[in-house]
Amino acid sequence: MDNVVRVKIADLAVIRELGTLVTIGLGSCVGIAAYDPLTKVAGLAHILLSDSTKFPKGTNPAKYADTAVPLLIKEMVRLGASPHRIKAKIAGGSEMFQTYNNGLLTVGTNNVKAVKKALALARVPLLAEDVGGSVGRTMQLNAEDGRVFIKKVGQEPREI
Amino acid sequence: MKKKFDAFKYDLLKELGNIGMGNAASSLSMMLMDERVNIHVPEVGVVSLGELPDHMAGPDRIVAGIYVQVGGDMSLHMIFIMPDESARTIARILTGETSEELSEMGMSAILEVGNIITAGYVNAISDLAGMALIPSPPSIAVDLTEAILGTILAGAEVAEDFVILIKTEFETGKSEIEGFLCVIPDSESVDAVYTKMLKGS
């Protein structure tokens, strides 16, 4: 297997030309796979929460939708991508705990909304999404061709 | 695991973990018809959000996760995680079913085990520190460890980039059941227990 980079919770990574970015198990978190087809620069972020302004103590920009998107683009540009060519696909934002629980029932939906807003602000087109529902997803982005695969528990990977 | 906070608090959390799991293990043993339940000495440490799944069964394992939120005199998030095979073993022992998929009955048996384990811990704190703690009804999800923990961390809106993790593992003799309890207090809550136990009656 060639270069596989795992992106953990509240983390992001960028690579160029060779290799695969993977984030395992997106629940209510959202994975943002961004790609510049010309330079083959690929970036993947795994955000946990929607809005960094609610958490003045927070120091990790990769944790929040509003700060992770600009950081992802910046890191991709550093590897040679052009912001005008970057396009994104997203996955996650499910509501995994179905029974009673105030906060947990809206986190996924809010995260998806916040990611879409952050992408729109950064003028990054959203090409595809696989969001919502009640299952976890594993997201994979191949740097060579920009293809994105989503795998759910008990199912075969599917390209989006 | 990094140990960043002071040694006395660390020992206190560890001891609460011991007593809590002791309570939980005896209830579980009764539920499993007197089967022996071995508990490991709890580990307490400060863990980054991204590394949490690596401390609990591994990020890409399919697990049953039971989540209980505790409010009242202190606030805690408790997550009990059981690998898929162990969850099905529990369902088989308690309901007698042998199917591959977990039925609603099986799920509720697992939920009950999670309830017993988390209640053991909550009771230990409330007895020792004399605090009134109110646990929420438990919720259950079966999925990848990372998906479950990420969802809980997001729901908990953890402001810090690190969490205090009190981790306890147990296993049973003949049925090979494995479980992980993760307790995430906020730092104010740890201070509250500490003060209460030093100055309280």
# chains A, B, ... in the order shown; residues from 1 in each chain; ligands from 1
>>> residues_around(residues="His77 of chain B", least_positions_apart="3", cutoff="7 Å", atoms="only C-alpha atoms", output="number ranges by chain")
B: 68-70, 183-185
>>> interface_residues(of="chain B", to="chain A", cutoff="8 Å", atoms="only C-alpha atoms", output="NGL selection string")
:B and (49-51 or 59-60 or 62 or 137 or 139-141 or 143-148 or 150-157 or 159-161)
>>> write_last_selection(atoms="C-alpha atoms", output="PDB file, in the first residue's frame")
ATOM      1  CA  LEU B  49      -9.288  14.560  21.179  1.00  0.00           C
ATOM      2  CA  GLY B  50      -7.773  12.895  18.133  1.00  0.00           C
ATOM      3  CA  GLU B  51      -6.121  10.178  20.168  1.00  0.00           C
ATOM      4  CA  PRO B  59     -10.764   3.724  15.876  1.00  0.00           C
ATOM      5  CA  ASP B  60     -11.924   1.288  13.194  1.00  0.00           C
ATOM      6  CA  ILE B  62     -17.212  -1.916  15.342  1.00  0.00           C
ATOM      7  CA  PRO B 137     -31.239   7.910  30.413  1.00  0.00           C
ATOM      8  CA  SER B 139     -28.510   6.064  24.628  1.00  0.00           C
ATOM      9  CA  ILE B 140     -26.941   3.422  22.426  1.00  0.00           C
ATOM     10  CA  ALA B 141     -25.314   3.321  18.986  1.00  0.00           C
ATOM     11  CA  ASP B 143     -20.789   1.757  14.808  1.00  0.00           C
ATOM     12  CA  LEU B 144     -17.050   2.488  14.527  1.00  0.00           C
ATOM     13  CA  THR B 145     -15.357   3.628  17.754  1.00  0.00           C
ATOM     14  CA  GLU B 146     -14.218   6.871  16.171  1.00  0.00           C
ATOM     15  CA  ALA B 147     -17.705   7.727  14.876  1.00  0.00           C
ATOM     16  CA  ILE B 148     -19.257   7.140  18.300  1.00  0.00           C
ATOM     17  CA  GLY B 150     -16.564  11.910  17.777  1.00  0.00           C
ATOM     18  CA  THR B 151     -20.323  12.268  18.072  1.00  0.00           C
ATOM     19  CA  ILE B 152     -20.135  12.358  21.860  1.00  0.00           C
ATOM     20  CA  LEU B 153     -17.262  14.849  21.919  1.00  0.00           C
ATOM     21  CA  ALA B 154     -19.232  17.044  19.516  1.00  0.00           C
ATOM     22  CA  GLY B 155     -22.421  16.732  21.578  1.00  0.00           C
ATOM     23  CA  ALA B 156     -20.462  17.553  24.711  1.00  0.00           C
ATOM     24  CA  GLU B 157     -19.110  20.667  22.959  1.00  0.00           C
ATOM     25  CA  ALA B 159     -13.984  23.490  24.528  1.00  0.00           C
ATOM     26  CA  GLU B 160     -10.519  22.172  25.370  1.00  0.00           C
ATOM     27  CA  ASP B 161      -8.347  20.298  22.921  1.00  0.00           C
TER      28      ASP B 161
END
>>> residues_around(residues="segment 186-190 of chain B", least_positions_apart="4", cutoff="8 Å", atoms="only C-alpha atoms", output="PyMOL selection string")
chain B and resi 9+74-76+163-164+194
>>> select_by_dssp(residues="segment 11-187 of chain B", states="helix (DSSP H, G or I)", output="ChimeraX atom specification")
/B:11-31,49-55,84-95,104-129,145-156,187
>>> atom_distance(atom1="atom CA of Glu15 of chain B", atom2="atom CA of Asp84 of chain B")
28.9 Å
>>> select_by_dssp(residues="chain A", states="strand (DSSP E or B)", output="ChimeraX atom specification")
/A:4-6,11-16,20-26,30-36,41-47,49,64,87-92,126-131,137-142,148-152,158-159
>>> residues_around(residues="segment 102-114 of chain B", least_positions_apart="4", cutoff="7 Å", atoms="only C-alpha atoms", output="MDAnalysis selection string")
chainID B and resid 66 80 87:88 90:91 94:95 118 138 140
>>> atom_distance(atom1="atom CA of Asn38 of chain B", atom2="atom CA of Gly96 of chain B")
23.4 Å
